[in-house]
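*Asks:* Quick one: structure below, then a few questions.
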Amino acid sequence: MSDLGPEARQFVRAHPNGVLSTLSKRLGGMPFGSIAPFMLDHQGRPVILISTLAEHTKNLDADPRASIIAHPCASDAQAAGRVTLVGRASRLEDKDALGPRYVRYLPEAEGYFGMHDFFFYRIELEAVRFIGGFGRIHWIAPADFAPPANTLDMSESGILQHMNADHAHNLRAYCAHLHGVQAQEVSMVGVDTDGLDVRADGRLLRIDFAAPVHNAGEVRKALVDLAQRCREQA
């Protein structure tokens with residue numbers, strides 16, 4: 001397994017700003033790029049919410065081959081790095097399973113769920129291109145990019161409820177000591193094998209774990225370890 005897989009995956013989690021490329025049905029297969037917010041599911045697959053009226057959706061329905069470039073919003077994006085995720089997209093008929101998580105990450109999309117023409121599309125990866133900066137250019141196998149097997153899809157909502165109800169002070173400490181952000185309103189919006197995401201006064205902050213986790217018990221230990229680090233830095 002490539003040791004670059006986890007690094008590339010963490011890069012994507014920290015920079016979910018996507019440029020979606022599809023093959024244009026209207027233009028005879030010409031490349032067609034568009035902006036598409038996305039999230040990774042618990043198996044590390046990109047998920048997008050798009051309308052059947054959109055040009056890129058018509059393209060995917062005609063030819064599922066697609067790619068998403070995850071990149072930072074930086075003044076020098078080339079130096080900052082990027083990851084291209086390549087695969088085939090398919091529509092998910094069930095919007096309820098992924099809906100709550102997607103809205104936590106992209107709350108502006110909440111209004112789309114009541115519309116009959118919006119659906120989730122998930123990309124099954126076939127190749128990953130990781131550019132970590134000048135001279136760091138690698139192809140990564142999808143199996144190496146994928147997170148380890150885990151049960152967090154079943155326990156995530158309970159973890160979030162517990163942390164937001166009983167440990168907001170720890171979330172504020174994570175933001176302060178790991179990001180230098182003194183936040184008043186905080187909420188944990190997601191947790192995965194690599195870390196967690198906290199919305200702090202409207203800003204989404206990524207916090208990585210020291211090592212991958214696989215279940216709720218390991219998440220608890222990782223969160224306790226983070227709190228201890230913060231106390232030591234205080």
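As shown in the structure tokens, the chain order sets the letters A, B, ...; within each chain, residues go from 1, and ligands are also counted from 1 in the order they appear.
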Show which residues sit within 8 Å of Ile140 (chain A), as a ChimeraX atom specification. Count only C-alpha atoms, and ignore same-chain residues fewer than 6 positions away.
*Replies:* /A:2,4-5,127-130
*Asks:* I need the residues of region 58-184 of chain A that end up classed as strand (DSSP E) by DSSP on the backbone, written out as a short mmCIF file (atom, residue, chain, number, x, y, z; two decimals) with C-alpha atoms, in the first residue's frame.
*Replies:*
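selection-v7.cif written:
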data_model
loop_
_atom_site.label_atom_id
_atom_site.label_comp_id
_atom_site.auth_asym_id
_atom_site.auth_seq_id
_atom_site.Cartn_x
_atom_site.Cartn_y
_atom_site.Cartn_z
CA ARG A 65 -16.81 8.87 -16.86
CA ALA A 66 -15.82 11.90 -14.80
CA SER A 67 -13.18 13.46 -12.61
CA ILE A 68 -13.10 15.91 -9.73
CA ILE A 69 -10.11 18.10 -8.92
CA ALA A 70 -9.86 18.94 -5.23
CA ARG A 82 -4.21 19.26 -5.76
CA VAL A 83 -5.76 15.83 -6.15
CA THR A 84 -7.65 14.57 -9.19
CA LEU A 85 -10.16 11.81 -8.54
CA VAL A 86 -11.11 9.85 -11.67
CA GLY A 87 -13.89 7.31 -12.03
CA ARG A 88 -17.46 6.59 -13.09
CA ALA A 89 -20.48 8.28 -11.56
CA SER A 90 -23.83 6.71 -10.84
CA ARG A 91 -27.06 8.13 -9.47
CA LEU A 92 -28.18 7.15 -5.98
CA PHE A 118 -31.92 16.82 -7.46
CA PHE A 119 -30.08 13.55 -6.90
CA PHE A 120 -26.86 12.31 -5.39
CA TYR A 121 -24.23 10.98 -7.75
CA ARG A 122 -21.32 8.96 -6.39
CA ILE A 123 -18.04 8.41 -8.20
CA GLU A 124 -16.44 4.98 -7.94
CA LEU A 125 -12.75 5.73 -8.24
CA GLU A 126 -10.54 4.18 -10.90
CA ALA A 127 -7.47 6.42 -10.57
CA VAL A 128 -6.09 9.13 -8.29
CA ARG A 129 -3.52 11.77 -9.28
CA PHE A 130 -1.80 13.50 -6.37
CA ILE A 131 0.32 16.62 -6.81
CA GLY A 132 1.61 17.57 -3.40
CA GLY A 133 3.69 20.51 -4.61
CA ARG A 136 5.73 15.67 -5.91
CA ILE A 137 3.59 14.11 -8.64
CA HIS A 138 2.17 10.62 -8.20
CA TRP A 139 -0.49 8.22 -9.43
CA ILE A 140 -2.17 6.44 -6.52
#
*Asks:* Do you know which residues are at most 6 Å from region 21-24 of chain A counting only C-alpha atoms, after dropping those on the same chain fewer than 2 positions away, and could you put them as a VMD selection string?
*Replies:* chain A and resid 26 to 27 29 to 33 59 66 to 67
*Asks:* Nearest to Phe38 (chain A): which of A:Ala227, A:Ala109, A:Ile159, A:Met115 is it, counting only C-alpha atoms?
*Replies:*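 Among the listed residues, the smallest separation from Phe38 (chain A) belongs to A:Ala109.
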*Asks:* Rounded to one decimal place, report the CA of Pro100 (chain A)-CA of Glu7 (chain A) distance in Å.
*Replies:*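 If I compute the distance from CA of Pro100 (chain A) to CA of Glu7 (chain A), I get 26.8 Å.
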*Asks:* Find the nearest atom pair between each residue of region 28-141 of chain A and region 199-212 of chain A for residues within 12 Å, count only C-alpha atoms, give distances in Å to one decimal, sort rows by chain and ascending number, and present the table as a tab-separated table.
*Replies:*
residue	atom	partner	partner_atom	distance
A:Arg104	CA	A:Arg199	CA	9.1
A:Tyr105	CA	A:Leu204	CA	8.2
A:Leu106	CA	A:Leu204	CA	10.0
A:Pro107	CA	A:Gly202	CA	10.4
A:Glu108	CA	A:Gly202	CA	11.9
*Asks:* Which one of A:Met188, A:Ile48, A:Val103, A:Ala146 sits closest to Arg9 (chain A) if you count only C-alpha atoms?
*Replies:*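 Closest residue, counting only C-alpha atoms: A:Ala146.
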*Asks:* Could you pull the residues within 10 Å of Leu152 (chain A), counting only C-alpha atoms, minus those fewer than 2 positions along the same chain, as an MDAnalysis selection string?
*Replies:* chainID A and resid 42:43 149:150 154:159 190:193 213:216 219
*Asks:* For N, CA and C atoms, I'd like the residues from the last selection saved as a PDB file, in the first residue's frame.
*Replies:*
ATOM      1  N   HIS A  42     -17.974   7.601   3.740  1.00  0.00           N
ATOM      2  CA  HIS A  42     -17.107   6.898   4.684  1.00  0.00           C
ATOM      3  C   HIS A  42     -16.229   5.845   4.018  1.00  0.00           C
ATOM      4  N   GLN A  43     -16.430   5.618   2.727  1.00  0.00           N
ATOM      5  CA  GLN A  43     -15.542   4.747   1.964  1.00  0.00           C
ATOM      6  C   GLN A  43     -14.592   5.554   1.073  1.00  0.00           C
ATOM      7  N   ALA A 149     -11.264  -0.078   6.414  1.00  0.00           N
ATOM      8  CA  ALA A 149     -12.627  -0.520   6.743  1.00  0.00           C
ATOM      9  C   ALA A 149     -13.023   0.031   8.104  1.00  0.00           C
ATOM     10  N   ASN A 150     -14.252   0.540   8.180  1.00  0.00           N
ATOM     11  CA  ASN A 150     -14.687   1.178   9.418  1.00  0.00           C
ATOM     12  C   ASN A 150     -16.205   1.086   9.549  1.00  0.00           C
ATOM     13  N   MET A 154     -22.324   4.128  10.840  1.00  0.00           N
ATOM     14  CA  MET A 154     -23.380   3.747  11.776  1.00  0.00           C
ATOM     15  C   MET A 154     -23.306   4.517  13.096  1.00  0.00           C
ATOM     16  N   SER A 155     -22.130   5.006  13.453  1.00  0.00           N
ATOM     17  CA  SER A 155     -21.962   5.643  14.763  1.00  0.00           C
ATOM     18  C   SER A 155     -21.770   7.155  14.693  1.00  0.00           C
ATOM     19  N   GLU A 156     -21.612   7.710  13.500  1.00  0.00           N
ATOM     20  CA  GLU A 156     -21.287   9.128  13.386  1.00  0.00           C
ATOM     21  C   GLU A 156     -22.326  10.032  14.037  1.00  0.00           C
ATOM     22  N   SER A 157     -23.603   9.798  13.786  1.00  0.00           N
ATOM     23  CA  SER A 157     -24.628  10.701  14.303  1.00  0.00           C
ATOM     24  C   SER A 157     -24.631  10.716  15.833  1.00  0.00           C
ATOM     25  N   GLY A 158     -24.428   9.552  16.462  1.00  0.00           N
ATOM     26  CA  GLY A 158     -24.378   9.500  17.913  1.00  0.00           C
ATOM     27  C   GLY A 158     -23.171  10.222  18.477  1.00  0.00           C
ATOM     28  N   ILE A 159     -22.038  10.094  17.804  1.00  0.00           N
ATOM     29  CA  ILE A 159     -20.822  10.793  18.234  1.00  0.00           C
ATOM     30  C   ILE A 159     -21.037  12.303  18.173  1.00  0.00           C
ATOM     31  N   GLY A 190     -18.915  16.384  11.322  1.00  0.00           N
ATOM     32  CA  GLY A 190     -18.598  15.081  10.757  1.00  0.00           C
ATOM     33  C   GLY A 190     -17.352  14.497  11.373  1.00  0.00           C
ATOM     34  N   VAL A 191     -17.271  13.162  11.335  1.00  0.00           N
ATOM     35  CA  VAL A 191     -16.076  12.462  11.788  1.00  0.00           C
ATOM     36  C   VAL A 191     -15.839  11.301  10.826  1.00  0.00           C
ATOM     37  N   ASP A 192     -14.575  11.023  10.563  1.00  0.00           N
ATOM     38  CA  ASP A 192     -14.215   9.942   9.648  1.00  0.00           C
ATOM     39  C   ASP A 192     -12.953   9.271  10.153  1.00  0.00           C
ATOM     40  N   THR A 193     -12.419   8.368   9.385  1.00  0.00           N
ATOM     41  CA  THR A 193     -11.250   7.619   9.839  1.00  0.00           C
ATOM     42  C   THR A 193     -10.038   8.510  10.081  1.00  0.00           C
ATOM     43  N   VAL A 213      -8.725   5.911  12.640  1.00  0.00           N
ATOM     44  CA  VAL A 213      -9.626   5.226  13.566  1.00  0.00           C
ATOM     45  C   VAL A 213     -10.609   4.384  12.767  1.00  0.00           C
ATOM     46  N   HIS A 214     -11.225   3.421  13.440  1.00  0.00           N
ATOM     47  CA  HIS A 214     -12.075   2.469  12.729  1.00  0.00           C
ATOM     48  C   HIS A 214     -13.473   2.336  13.302  1.00  0.00           C
ATOM     49  N   ASN A 215     -13.671   2.783  14.540  1.00  0.00           N
ATOM     50  CA  ASN A 215     -14.958   2.594  15.197  1.00  0.00           C
ATOM     51  C   ASN A 215     -15.161   3.671  16.250  1.00  0.00           C
ATOM     52  N   ALA A 216     -16.319   3.651  16.878  1.00  0.00           N
ATOM     53  CA  ALA A 216     -16.664   4.694  17.848  1.00  0.00           C
ATOM     54  C   ALA A 216     -15.705   4.709  19.036  1.00  0.00           C
ATOM     55  N   VAL A 219     -12.617   6.495  18.033  1.00  0.00           N
ATOM     56  CA  VAL A 219     -12.896   7.924  17.914  1.00  0.00           C
ATOM     57  C   VAL A 219     -12.843   8.573  19.295  1.00  0.00           C
TER      58      VAL A 219
END
*Asks:* Give the answer as one residue: which of A:Val189, A:Ala141, A:Ile35, A:Leu98 has the shortest atom-to-atom distance to Ala8 (chain A), using only C-alpha atoms?
*Replies:* A:Ala141
*Asks:* Give me, as a list in words, the residues of region 145-209 of chain A that a backbone DSSP run labels alpha helix (DSSP H).
*Replies:*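 Going through region 145-209 of chain A, the alpha helix (DSSP H) residues come out as Phe145, Leu152, Asp153, Met154, Ser155, Glu156, Ser157, Gly158, Ile159, Leu160, Gln161, His162, Met163, Asn164, Ala165, Asp166, Ala168, His169, Asn170, Leu171, Arg172, Ala173, Tyr174, Cys175, Ala176, His177, Leu178 and His179 of chain A.
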*Asks:* Take the residues that were just selected and, keeping N, CA and C atoms, output them as a PDB file, in the first residue's frame.
*Replies:*
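Full text of result06.pdb as output:
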ATOM      1  N   PHE A 145      -5.906   4.891  -1.828  1.00  0.00           N
ATOM      2  CA  PHE A 145      -6.583   6.128  -1.443  1.00  0.00           C
ATOM      3  C   PHE A 145      -7.728   5.865  -0.472  1.00  0.00           C
ATOM      4  N   LEU A 152     -17.979   3.791  10.954  1.00  0.00           N
ATOM      5  CA  LEU A 152     -18.344   5.138  11.373  1.00  0.00           C
ATOM      6  C   LEU A 152     -19.640   5.636  10.745  1.00  0.00           C
ATOM      7  N   ASP A 153     -20.050   5.056   9.630  1.00  0.00           N
ATOM      8  CA  ASP A 153     -21.333   5.468   9.059  1.00  0.00           C
ATOM      9  C   ASP A 153     -22.481   5.156  10.006  1.00  0.00           C
ATOM     10  N   MET A 154     -22.324   4.128  10.840  1.00  0.00           N
ATOM     11  CA  MET A 154     -23.380   3.747  11.776  1.00  0.00           C
ATOM     12  C   MET A 154     -23.306   4.517  13.096  1.00  0.00           C
ATOM     13  N   SER A 155     -22.130   5.006  13.453  1.00  0.00           N
ATOM     14  CA  SER A 155     -21.962   5.643  14.763  1.00  0.00           C
ATOM     15  C   SER A 155     -21.770   7.155  14.693  1.00  0.00           C
ATOM     16  N   GLU A 156     -21.612   7.710  13.500  1.00  0.00           N
ATOM     17  CA  GLU A 156     -21.287   9.128  13.386  1.00  0.00           C
ATOM     18  C   GLU A 156     -22.326  10.032  14.037  1.00  0.00           C
ATOM     19  N   SER A 157     -23.603   9.798  13.786  1.00  0.00           N
ATOM     20  CA  SER A 157     -24.628  10.701  14.303  1.00  0.00           C
ATOM     21  C   SER A 157     -24.631  10.716  15.833  1.00  0.00           C
ATOM     22  N   GLY A 158     -24.428   9.552  16.462  1.00  0.00           N
ATOM     23  CA  GLY A 158     -24.378   9.500  17.913  1.00  0.00           C
ATOM     24  C   GLY A 158     -23.171  10.222  18.477  1.00  0.00           C
ATOM     25  N   ILE A 159     -22.038  10.094  17.804  1.00  0.00           N
ATOM     26  CA  ILE A 159     -20.822  10.793  18.234  1.00  0.00           C
ATOM     27  C   ILE A 159     -21.037  12.303  18.173  1.00  0.00           C
ATOM     28  N   LEU A 160     -21.618  12.774  17.081  1.00  0.00           N
ATOM     29  CA  LEU A 160     -21.852  14.212  16.926  1.00  0.00           C
ATOM     30  C   LEU A 160     -22.808  14.730  17.998  1.00  0.00           C
ATOM     31  N   GLN A 161     -23.879  13.998  18.231  1.00  0.00           N
ATOM     32  CA  GLN A 161     -24.850  14.428  19.230  1.00  0.00           C
ATOM     33  C   GLN A 161     -24.200  14.551  20.602  1.00  0.00           C
ATOM     34  N   HIS A 162     -23.377  13.578  20.952  1.00  0.00           N
ATOM     35  CA  HIS A 162     -22.714  13.589  22.254  1.00  0.00           C
ATOM     36  C   HIS A 162     -21.717  14.745  22.359  1.00  0.00           C
ATOM     37  N   MET A 163     -20.890  14.926  21.352  1.00  0.00           N
ATOM     38  CA  MET A 163     -19.871  15.974  21.400  1.00  0.00           C
ATOM     39  C   MET A 163     -20.512  17.357  21.428  1.00  0.00           C
ATOM     40  N   ASN A 164     -21.535  17.569  20.616  1.00  0.00           N
ATOM     41  CA  ASN A 164     -22.152  18.896  20.550  1.00  0.00           C
ATOM     42  C   ASN A 164     -22.956  19.213  21.809  1.00  0.00           C
ATOM     43  N   ALA A 165     -23.522  18.192  22.439  1.00  0.00           N
ATOM     44  CA  ALA A 165     -24.317  18.423  23.645  1.00  0.00           C
ATOM     45  C   ALA A 165     -23.457  18.572  24.896  1.00  0.00           C
ATOM     46  N   ASP A 166     -22.373  17.783  24.979  1.00  0.00           N
ATOM     47  CA  ASP A 166     -21.629  17.694  26.241  1.00  0.00           C
ATOM     48  C   ASP A 166     -20.185  18.180  26.190  1.00  0.00           C
ATOM     49  N   ALA A 168     -18.796  20.846  23.950  1.00  0.00           N
ATOM     50  CA  ALA A 168     -18.533  22.025  23.117  1.00  0.00           C
ATOM     51  C   ALA A 168     -17.261  22.733  23.558  1.00  0.00           C
ATOM     52  N   HIS A 169     -16.954  22.668  24.861  1.00  0.00           N
ATOM     53  CA  HIS A 169     -15.731  23.314  25.350  1.00  0.00           C
ATOM     54  C   HIS A 169     -14.485  22.669  24.739  1.00  0.00           C
ATOM     55  N   ASN A 170     -14.537  21.351  24.532  1.00  0.00           N
ATOM     56  CA  ASN A 170     -13.417  20.684  23.872  1.00  0.00           C
ATOM     57  C   ASN A 170     -13.315  21.094  22.406  1.00  0.00           C
ATOM     58  N   LEU A 171     -14.449  21.227  21.749  1.00  0.00           N
ATOM     59  CA  LEU A 171     -14.437  21.661  20.355  1.00  0.00           C
ATOM     60  C   LEU A 171     -13.825  23.052  20.236  1.00  0.00           C
ATOM     61  N   ARG A 172     -14.164  23.942  21.165  1.00  0.00           N
ATOM     62  CA  ARG A 172     -13.571  25.287  21.149  1.00  0.00           C
ATOM     63  C   ARG A 172     -12.059  25.200  21.372  1.00  0.00           C
ATOM     64  N   ALA A 173     -11.652  24.289  22.259  1.00  0.00           N
ATOM     65  CA  ALA A 173     -10.217  24.127  22.520  1.00  0.00           C
ATOM     66  C   ALA A 173      -9.493  23.614  21.282  1.00  0.00           C
ATOM     67  N   TYR A 174     -10.101  22.661  20.561  1.00  0.00           N
ATOM     68  CA  TYR A 174      -9.484  22.176  19.328  1.00  0.00           C
ATOM     69  C   TYR A 174      -9.265  23.341  18.360  1.00  0.00           C
ATOM     70  N   CYS A 175     -10.307  24.156  18.197  1.00  0.00           N
ATOM     71  CA  CYS A 175     -10.222  25.287  17.260  1.00  0.00           C
ATOM     72  C   CYS A 175      -9.138  26.278  17.685  1.00  0.00           C
ATOM     73  N   ALA A 176      -9.072  26.549  18.987  1.00  0.00           N
ATOM     74  CA  ALA A 176      -8.130  27.551  19.487  1.00  0.00           C
ATOM     75  C   ALA A 176      -6.691  27.077  19.386  1.00  0.00           C
ATOM     76  N   HIS A 177      -6.428  25.866  19.825  1.00  0.00           N
ATOM     77  CA  HIS A 177      -5.048  25.408  19.926  1.00  0.00           C
ATOM     78  C   HIS A 177      -4.520  24.774  18.652  1.00  0.00           C
ATOM     79  N   LEU A 178      -5.400  24.277  17.791  1.00  0.00           N
ATOM     80  CA  LEU A 178      -4.942  23.632  16.564  1.00  0.00           C
ATOM     81  C   LEU A 178      -5.092  24.517  15.337  1.00  0.00           C
ATOM     82  N   HIS A 179      -5.964  25.555  15.431  1.00  0.00           N
ATOM     83  CA  HIS A 179      -6.161  26.457  14.302  1.00  0.00           C
ATOM     84  C   HIS A 179      -5.969  27.925  14.667  1.00  0.00           C
TER      85      HIS A 179
END
*Asks:* Go through A:His56, A:Arg101, A:Lys95, A:Lys221 one by one, measure the shortest atom-to-atom distance of each to Asp41 (chain A) using only C-alpha atoms, and give the residue with the smallest value.
*Replies:*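 Selected residue with least distance to Asp41 (chain A): A:Arg101.
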*Asks:* Would you work out the distance separating CA of Ser34 (chain A) from CA of Gly195 (chain A), expressed in Å to one decimal?
*Replies:* 28.4 Å
*Asks:* How far is it from CA of Pro148 (chain A) to CA of Asp94 (chain A), in Å with one decimal?
*Replies:*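 For CA of Pro148 (chain A) relative to CA of Asp94 (chain A), the distance reads 24.6 Å.
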*Asks:* For each of A:Arg231, A:Glu110, A:Asp197, A:Asp117, take the minimum atom-to-atom distance to Ala54 (chain A), counting only C-alpha atoms, then give the residue where this is smallest.
*Replies:*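 With only C-alpha atoms as the atom set, the closest residue is A:Asp117.
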